[in-house]
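K.L.:
Here it is: the structure, laid out below.
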Amino acid sequence: MKTIKVIIERGNDGLFSAFISGKGCKFGCIGEGKTAKEAELDFLQGVEDIKQVYISKKMPFPEYTYKFTYDISSFLSYYAYAFSLAGLERITGVNQKQLSHYLNGVRVPSCTTAKKIEKSVKEFANEIINTSFV
């Protein structure tokens, strides 16, 4: 099954959108919401709606898996239930105030800072994956 990249990002209006990135998908779809999670769910509902149109026209629906990719604001919003800004500061080395600006869409991190955050979060995730309990 082909994997389609879906970008979730915060717009200038503060709302989040999820949309297909690149070519290779046989249909277009977008999701919107007040949170990154809402945008993702709206996108997936849109895919289901499109599927029903295909079925009603007796056309084969192209099945895909979706890989969601986040801008920093969307990532921070999506995972706010699991990460505090203090914890993220310890993981990434980026101070809480700056992370708060990114979370609320006040500022956008430089490419270098975004890569630093991504690398640090992935290293932390790998550390957690490799944790064992007795």
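We label chains A, B, ... in the order they appear in the structure tokens, count residues from 1 in each chain, and number ligands from 1 in the order shown.
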Pick out the residues sitting within 12 Å of stretch 106-115 of chain A, and hand them over as a PyMOL selection string; count only C-alpha atoms, and ignore anything fewer than 4 positions along from it in its own chain.
P.N.:
chain A and resi 9-14+70-76+92-95+97-102+119-122
K.L.:
Write out as a compact mmCIF listing (two decimals) with N, CA and C atoms, in the first residue's frame all residues of chain A that DSSP puts in strand (DSSP E) for this structure's backbone.
P.N.:
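As written to disk, part_21.txt reads:
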```
# COMPACT_ATOMS: atom_id res chain seq x y z
N LYS A 2 0.57 2.19 -0.82
CA LYS A 2 1.35 3.41 -0.95
C LYS A 2 1.10 4.33 0.25
N THR A 3 2.16 5.00 0.70
CA THR A 3 2.05 5.95 1.81
C THR A 3 2.02 7.36 1.24
N ILE A 4 1.05 8.13 1.69
CA ILE A 4 0.87 9.51 1.27
C ILE A 4 1.23 10.43 2.44
N LYS A 5 2.06 11.43 2.16
CA LYS A 5 2.47 12.39 3.18
C LYS A 5 1.38 13.46 3.33
N VAL A 6 0.98 13.68 4.57
CA VAL A 6 -0.01 14.70 4.90
C VAL A 6 0.64 15.68 5.87
N ILE A 7 0.63 16.95 5.50
CA ILE A 7 1.22 17.98 6.34
C ILE A 7 0.14 18.61 7.21
N ILE A 8 0.44 18.75 8.49
CA ILE A 8 -0.44 19.48 9.40
C ILE A 8 0.32 20.73 9.84
N GLU A 9 -0.33 21.88 9.64
CA GLU A 9 0.32 23.13 10.01
C GLU A 9 -0.70 24.13 10.52
N ARG A 10 -0.17 25.09 11.30
CA ARG A 10 -1.00 26.17 11.82
C ARG A 10 -0.96 27.31 10.82
N PHE A 16 -5.72 25.14 12.26
CA PHE A 16 -4.82 24.12 11.74
C PHE A 16 -5.41 23.52 10.48
N SER A 17 -4.54 23.13 9.56
CA SER A 17 -4.99 22.44 8.35
C SER A 17 -4.13 21.21 8.12
N ALA A 18 -4.74 20.22 7.49
CA ALA A 18 -4.05 18.99 7.10
C ALA A 18 -4.28 18.82 5.61
N PHE A 19 -3.21 18.63 4.85
CA PHE A 19 -3.37 18.52 3.41
C PHE A 19 -2.32 17.58 2.83
N ILE A 20 -2.65 17.01 1.68
CA ILE A 20 -1.77 16.08 1.00
C ILE A 20 -0.61 16.85 0.40
N ILE A 30 -8.45 17.93 2.20
CA ILE A 30 -7.92 18.84 3.22
C ILE A 30 -8.80 18.72 4.47
N GLY A 31 -8.17 18.87 5.61
CA GLY A 31 -8.90 18.89 6.87
C GLY A 31 -8.55 20.16 7.61
N GLU A 32 -9.49 20.65 8.40
CA GLU A 32 -9.27 21.88 9.16
C GLU A 32 -9.79 21.70 10.58
N GLY A 33 -9.23 22.48 11.50
CA GLY A 33 -9.72 22.42 12.87
C GLY A 33 -9.06 23.45 13.76
N TYR A 64 -4.67 4.06 0.62
CA TYR A 64 -3.37 4.58 1.01
C TYR A 64 -3.23 4.50 2.53
N THR A 65 -1.99 4.57 2.98
CA THR A 65 -1.75 4.86 4.38
C THR A 65 -1.27 6.31 4.41
N TYR A 66 -1.49 6.98 5.52
CA TYR A 66 -1.17 8.41 5.61
C TYR A 66 -0.12 8.63 6.69
N LYS A 67 0.93 9.34 6.31
CA LYS A 67 1.99 9.71 7.25
C LYS A 67 1.84 11.19 7.55
N PHE A 68 1.47 11.51 8.77
CA PHE A 68 1.25 12.89 9.16
C PHE A 68 2.57 13.53 9.57
N THR A 69 2.84 14.69 9.00
CA THR A 69 4.05 15.46 9.25
C THR A 69 3.62 16.81 9.79
N TYR A 70 4.27 17.29 10.84
CA TYR A 70 3.82 18.48 11.55
C TYR A 70 4.80 19.64 11.41
```
K.L.:
Mind the document's chain letters and residue numbers, and return as a VMD selection string the residues of stretch 20-126 of chain A that DSSP labels helix (DSSP H, G or I).
P.N.:
chain A and resid 36 to 56 72 to 78 85 to 92 96 to 103 111 to 126
